[in-house]
Amino acid sequence: MRRDQADEPAATRQPAAQREADADGGGVPPALRQARAARQRGDHAAAVEAYQRYFSSNRGHDQFAMSMIEAARSYEVLGDTARALQLYRLAASSDDPTVRALARQRIAALEAVRKKADAPRAERPAAVMDDAEALPAEPVKAPADEAPKE
């Protein structure tokens, strides 16, 4: 621990990773910079790996909550909605009202999609059903003048 932090309460001390990032002038830990760069390139698999590295050692960083939103969006792009929801739910308990609002919007949107996907087929509109499902339940009867002769 640095001497100037010895008198500070533990809750206000910066994590070592944040101190190192601040010392190099960026204020953003390297793993978070890498994650954001990967997202910007569209490489969401690399982004989630970098976010995981960031999450493991930067819990007290001031951008931690927003980074959960960013990582969750990458998980969504990768099709991992379960992980995305997990991160959104964690972010929804953030002290930051902007992060909370974003998280709650995405949770609602993903749960609506999940609810629609879980709906019984009979409740789905015909436009969503397969062609075979859109057929009438009763067989179509031939007109009387075309009825088969016995």
# chains A, B, ... in the order shown; residues from 1 in each chain; ligands from 1
>>> residues_around(residues="A:Phe55", least_positions_apart="2", cutoff="9 Å", atoms="only C-alpha atoms", output="list in words")
Ala31, Leu32, Ala50, Tyr51, Gln52, Arg53, Ser57, Asn58, Arg59, Phe64, Ser67 and Met68 of chain A
>>> residues_around(residues="A:Glu76", least_positions_apart="6", cutoff="12 Å", atoms="only C-alpha atoms", output="list in words")
His44, Ala45, Val48, Ile69, Glu70, Ala82, Arg83, Ala84, Leu85, Gln86, Leu87, Tyr88, Arg106, Ile107, Ala109 and Leu110 of chain A
>>> closest_residue(among="A:Gln63, A:Glu49, A:Pro29, A:Ala35", to="A:Val99", atoms="only C-alpha atoms")
A:Gln63
>>> select_by_dssp(residues="stretch 18-84 of chain A", states="helix (DSSP H, G or I)", output="JSON, numbers by chain")
{"A": [18, 19, 20, 21, 22, 23, 30, 31, 32, 33, 34, 35, 36, 37, 38, 39, 40, 41, 44, 45, 46, 47, 48, 49, 50, 51, 52, 53, 54, 55, 56, 57, 64, 65, 66, 67, 68, 69, 70, 71, 72, 73, 74, 75, 76, 77, 81, 82, 83, 84]}
>>> write_last_selection(atoms="C-alpha atoms", output="PDB file, in the first residue's frame")
ATOM      1  CA  GLN A  18      -6.371   1.219 -11.413  1.00  0.00           C
ATOM      2  CA  ARG A  19      -3.361   2.940  -9.809  1.00  0.00           C
ATOM      3  CA  GLU A  20      -1.120   1.432 -12.497  1.00  0.00           C
ATOM      4  CA  ALA A  21      -3.478   2.537 -15.260  1.00  0.00           C
ATOM      5  CA  ASP A  22      -3.679   6.028 -13.813  1.00  0.00           C
ATOM      6  CA  ALA A  23       0.107   6.163 -13.572  1.00  0.00           C
ATOM      7  CA  PRO A  30      -5.133  -2.042 -20.221  1.00  0.00           C
ATOM      8  CA  ALA A  31      -7.642  -4.916 -20.292  1.00  0.00           C
ATOM      9  CA  LEU A  32     -10.534  -2.447 -20.564  1.00  0.00           C
ATOM     10  CA  ARG A  33      -8.785  -0.536 -23.362  1.00  0.00           C
ATOM     11  CA  GLN A  34      -8.218  -3.844 -25.177  1.00  0.00           C
ATOM     12  CA  ALA A  35     -11.844  -4.896 -24.700  1.00  0.00           C
ATOM     13  CA  ARG A  36     -13.172  -1.631 -26.056  1.00  0.00           C
ATOM     14  CA  ALA A  37     -10.792  -1.718 -29.017  1.00  0.00           C
ATOM     15  CA  ALA A  38     -11.883  -5.275 -29.838  1.00  0.00           C
ATOM     16  CA  ARG A  39     -15.574  -4.269 -29.666  1.00  0.00           C
ATOM     17  CA  GLN A  40     -14.912  -1.330 -31.946  1.00  0.00           C
ATOM     18  CA  ARG A  41     -13.270  -3.693 -34.462  1.00  0.00           C
ATOM     19  CA  HIS A  44     -16.662  -9.567 -29.805  1.00  0.00           C
ATOM     20  CA  ALA A  45     -15.009 -12.872 -28.862  1.00  0.00           C
ATOM     21  CA  ALA A  46     -11.739 -11.056 -28.119  1.00  0.00           C
ATOM     22  CA  ALA A  47     -13.703  -8.315 -26.367  1.00  0.00           C
ATOM     23  CA  VAL A  48     -15.384 -10.661 -23.888  1.00  0.00           C
ATOM     24  CA  GLU A  49     -12.036 -12.277 -23.087  1.00  0.00           C
ATOM     25  CA  ALA A  50     -10.525  -8.868 -22.351  1.00  0.00           C
ATOM     26  CA  TYR A  51     -13.582  -7.844 -20.311  1.00  0.00           C
ATOM     27  CA  GLN A  52     -13.181 -10.997 -18.213  1.00  0.00           C
ATOM     28  CA  ARG A  53      -9.545 -10.084 -17.527  1.00  0.00           C
ATOM     29  CA  TYR A  54     -10.672  -6.583 -16.579  1.00  0.00           C
ATOM     30  CA  PHE A  55     -13.461  -7.866 -14.295  1.00  0.00           C
ATOM     31  CA  SER A  56     -11.091 -10.170 -12.426  1.00  0.00           C
ATOM     32  CA  SER A  57      -8.911  -7.360 -11.085  1.00  0.00           C
ATOM     33  CA  PHE A  64     -16.691  -1.105 -13.907  1.00  0.00           C
ATOM     34  CA  ALA A  65     -20.502  -0.862 -14.118  1.00  0.00           C
ATOM     35  CA  MET A  66     -20.519   0.578 -17.646  1.00  0.00           C
ATOM     36  CA  SER A  67     -18.054  -2.089 -18.737  1.00  0.00           C
ATOM     37  CA  MET A  68     -20.586  -4.735 -17.654  1.00  0.00           C
ATOM     38  CA  ILE A  69     -23.081  -3.176 -20.095  1.00  0.00           C
ATOM     39  CA  GLU A  70     -20.450  -3.166 -22.841  1.00  0.00           C
ATOM     40  CA  ALA A  71     -19.503  -6.802 -22.194  1.00  0.00           C
ATOM     41  CA  ALA A  72     -23.156  -7.828 -22.097  1.00  0.00           C
ATOM     42  CA  ARG A  73     -23.712  -6.270 -25.513  1.00  0.00           C
ATOM     43  CA  SER A  74     -20.788  -8.278 -26.872  1.00  0.00           C
ATOM     44  CA  TYR A  75     -22.279 -11.449 -25.397  1.00  0.00           C
ATOM     45  CA  GLU A  76     -25.562 -10.581 -27.111  1.00  0.00           C
ATOM     46  CA  VAL A  77     -23.801 -10.234 -30.466  1.00  0.00           C
ATOM     47  CA  THR A  81     -28.068 -14.172 -24.024  1.00  0.00           C
ATOM     48  CA  ALA A  82     -27.762 -16.030 -20.710  1.00  0.00           C
ATOM     49  CA  ARG A  83     -24.404 -14.394 -19.979  1.00  0.00           C
ATOM     50  CA  ALA A  84     -25.650 -11.070 -21.296  1.00  0.00           C
TER      51      ALA A  84
END
>>> closest_residue(among="A:Pro97, A:Pro120, A:Gly79, A:Gly27", to="A:His61", atoms="only C-alpha atoms")
A:Gly27
>>> atom_distance(atom1="atom CA of A:Ala92", atom2="atom CA of A:Lys115")
20.0 Å
>>> atom_distance(atom1="atom CA of A:Ala91", atom2="atom CA of A:Asp118")
25.2 Å
>>> decode(residues="stretch 23-117 of chain A", atoms="C-alpha atoms", output="mmCIF file, in the first residue's frame")
data_model
loop_
_atom_site.group_PDB
_atom_site.id
_atom_site.type_symbol
_atom_site.label_atom_id
_atom_site.label_comp_id
_atom_site.auth_asym_id
_atom_site.auth_seq_id
_atom_site.Cartn_x
_atom_site.Cartn_y
_atom_site.Cartn_z
ATOM 1 C CA ALA A 23 0.107 6.163 -13.572
ATOM 2 C CA ASP A 24 0.505 5.551 -17.305
ATOM 3 C CA GLY A 25 -1.715 8.562 -17.983
ATOM 4 C CA GLY A 26 -4.698 6.719 -19.441
ATOM 5 C CA GLY A 27 -6.831 6.214 -16.370
ATOM 6 C CA VAL A 28 -8.263 3.139 -18.097
ATOM 7 C CA PRO A 29 -6.801 -0.274 -17.272
ATOM 8 C CA PRO A 30 -5.133 -2.042 -20.221
ATOM 9 C CA ALA A 31 -7.642 -4.916 -20.292
ATOM 10 C CA LEU A 32 -10.534 -2.447 -20.564
ATOM 11 C CA ARG A 33 -8.785 -0.536 -23.362
ATOM 12 C CA GLN A 34 -8.218 -3.844 -25.177
ATOM 13 C CA ALA A 35 -11.844 -4.896 -24.700
ATOM 14 C CA ARG A 36 -13.172 -1.631 -26.056
ATOM 15 C CA ALA A 37 -10.792 -1.718 -29.017
ATOM 16 C CA ALA A 38 -11.883 -5.275 -29.838
ATOM 17 C CA ARG A 39 -15.574 -4.269 -29.666
ATOM 18 C CA GLN A 40 -14.912 -1.330 -31.946
ATOM 19 C CA ARG A 41 -13.270 -3.693 -34.462
ATOM 20 C CA GLY A 42 -16.275 -6.001 -34.209
ATOM 21 C CA ASP A 43 -14.216 -8.774 -32.592
ATOM 22 C CA HIS A 44 -16.662 -9.567 -29.805
ATOM 23 C CA ALA A 45 -15.009 -12.872 -28.862
ATOM 24 C CA ALA A 46 -11.739 -11.056 -28.119
ATOM 25 C CA ALA A 47 -13.703 -8.315 -26.367
ATOM 26 C CA VAL A 48 -15.384 -10.661 -23.888
ATOM 27 C CA GLU A 49 -12.036 -12.277 -23.087
ATOM 28 C CA ALA A 50 -10.525 -8.868 -22.351
ATOM 29 C CA TYR A 51 -13.582 -7.844 -20.311
ATOM 30 C CA GLN A 52 -13.181 -10.997 -18.213
ATOM 31 C CA ARG A 53 -9.545 -10.084 -17.527
ATOM 32 C CA TYR A 54 -10.672 -6.583 -16.579
ATOM 33 C CA PHE A 55 -13.461 -7.866 -14.295
ATOM 34 C CA SER A 56 -11.091 -10.170 -12.426
ATOM 35 C CA SER A 57 -8.911 -7.360 -11.085
ATOM 36 C CA ASN A 58 -10.713 -4.014 -11.352
ATOM 37 C CA ARG A 59 -13.859 -4.311 -9.261
ATOM 38 C CA GLY A 60 -13.442 -0.845 -7.741
ATOM 39 C CA HIS A 61 -12.693 0.951 -11.019
ATOM 40 C CA ASP A 62 -15.011 3.838 -11.793
ATOM 41 C CA GLN A 63 -15.942 2.381 -15.210
ATOM 42 C CA PHE A 64 -16.691 -1.105 -13.907
ATOM 43 C CA ALA A 65 -20.502 -0.862 -14.118
ATOM 44 C CA MET A 66 -20.519 0.578 -17.646
ATOM 45 C CA SER A 67 -18.054 -2.089 -18.737
ATOM 46 C CA MET A 68 -20.586 -4.735 -17.654
ATOM 47 C CA ILE A 69 -23.081 -3.176 -20.095
ATOM 48 C CA GLU A 70 -20.450 -3.166 -22.841
ATOM 49 C CA ALA A 71 -19.503 -6.802 -22.194
ATOM 50 C CA ALA A 72 -23.156 -7.828 -22.097
ATOM 51 C CA ARG A 73 -23.712 -6.270 -25.513
ATOM 52 C CA SER A 74 -20.788 -8.278 -26.872
ATOM 53 C CA TYR A 75 -22.279 -11.449 -25.397
ATOM 54 C CA GLU A 76 -25.562 -10.581 -27.111
ATOM 55 C CA VAL A 77 -23.801 -10.234 -30.466
ATOM 56 C CA LEU A 78 -22.197 -13.636 -29.874
ATOM 57 C CA GLY A 79 -25.642 -15.112 -29.137
ATOM 58 C CA ASP A 80 -24.959 -15.824 -25.449
ATOM 59 C CA THR A 81 -28.068 -14.172 -24.024
ATOM 60 C CA ALA A 82 -27.762 -16.030 -20.710
ATOM 61 C CA ARG A 83 -24.404 -14.394 -19.979
ATOM 62 C CA ALA A 84 -25.650 -11.070 -21.296
ATOM 63 C CA LEU A 85 -28.638 -11.204 -18.939
ATOM 64 C CA GLN A 86 -26.379 -12.128 -16.043
ATOM 65 C CA LEU A 87 -24.233 -9.037 -16.619
ATOM 66 C CA TYR A 88 -27.232 -6.781 -17.218
ATOM 67 C CA ARG A 89 -28.762 -7.949 -13.925
ATOM 68 C CA LEU A 90 -25.529 -7.166 -12.082
ATOM 69 C CA ALA A 91 -25.336 -3.761 -13.761
ATOM 70 C CA ALA A 92 -28.968 -3.042 -12.850
ATOM 71 C CA SER A 93 -27.905 -2.773 -9.208
ATOM 72 C CA SER A 94 -25.270 -0.130 -9.993
ATOM 73 C CA ASP A 95 -25.150 3.201 -8.212
ATOM 74 C CA ASP A 96 -24.983 4.920 -11.615
ATOM 75 C CA PRO A 97 -28.525 5.783 -12.803
ATOM 76 C CA THR A 98 -27.479 5.738 -16.473
ATOM 77 C CA VAL A 99 -26.057 2.225 -16.148
ATOM 78 C CA ARG A 100 -29.150 1.079 -14.225
ATOM 79 C CA ALA A 101 -31.466 2.446 -16.923
ATOM 80 C CA LEU A 102 -29.480 0.848 -19.764
ATOM 81 C CA ALA A 103 -29.359 -2.482 -17.950
ATOM 82 C CA ARG A 104 -33.088 -2.484 -17.225
ATOM 83 C CA GLN A 105 -33.924 -1.637 -20.855
ATOM 84 C CA ARG A 106 -31.830 -4.535 -22.160
ATOM 85 C CA ILE A 107 -33.197 -6.943 -19.548
ATOM 86 C CA ALA A 108 -36.751 -6.063 -20.578
ATOM 87 C CA ALA A 109 -35.920 -6.432 -24.276
ATOM 88 C CA LEU A 110 -34.174 -9.799 -23.858
ATOM 89 C CA GLU A 111 -36.894 -11.159 -21.591
ATOM 90 C CA ALA A 112 -39.553 -10.098 -24.107
ATOM 91 C CA VAL A 113 -37.715 -11.978 -26.852
ATOM 92 C CA ARG A 114 -37.334 -15.006 -24.588
ATOM 93 C CA LYS A 115 -41.023 -14.868 -23.631
ATOM 94 C CA LYS A 116 -42.042 -14.705 -27.291
ATOM 95 C CA ALA A 117 -39.786 -17.673 -28.103
#
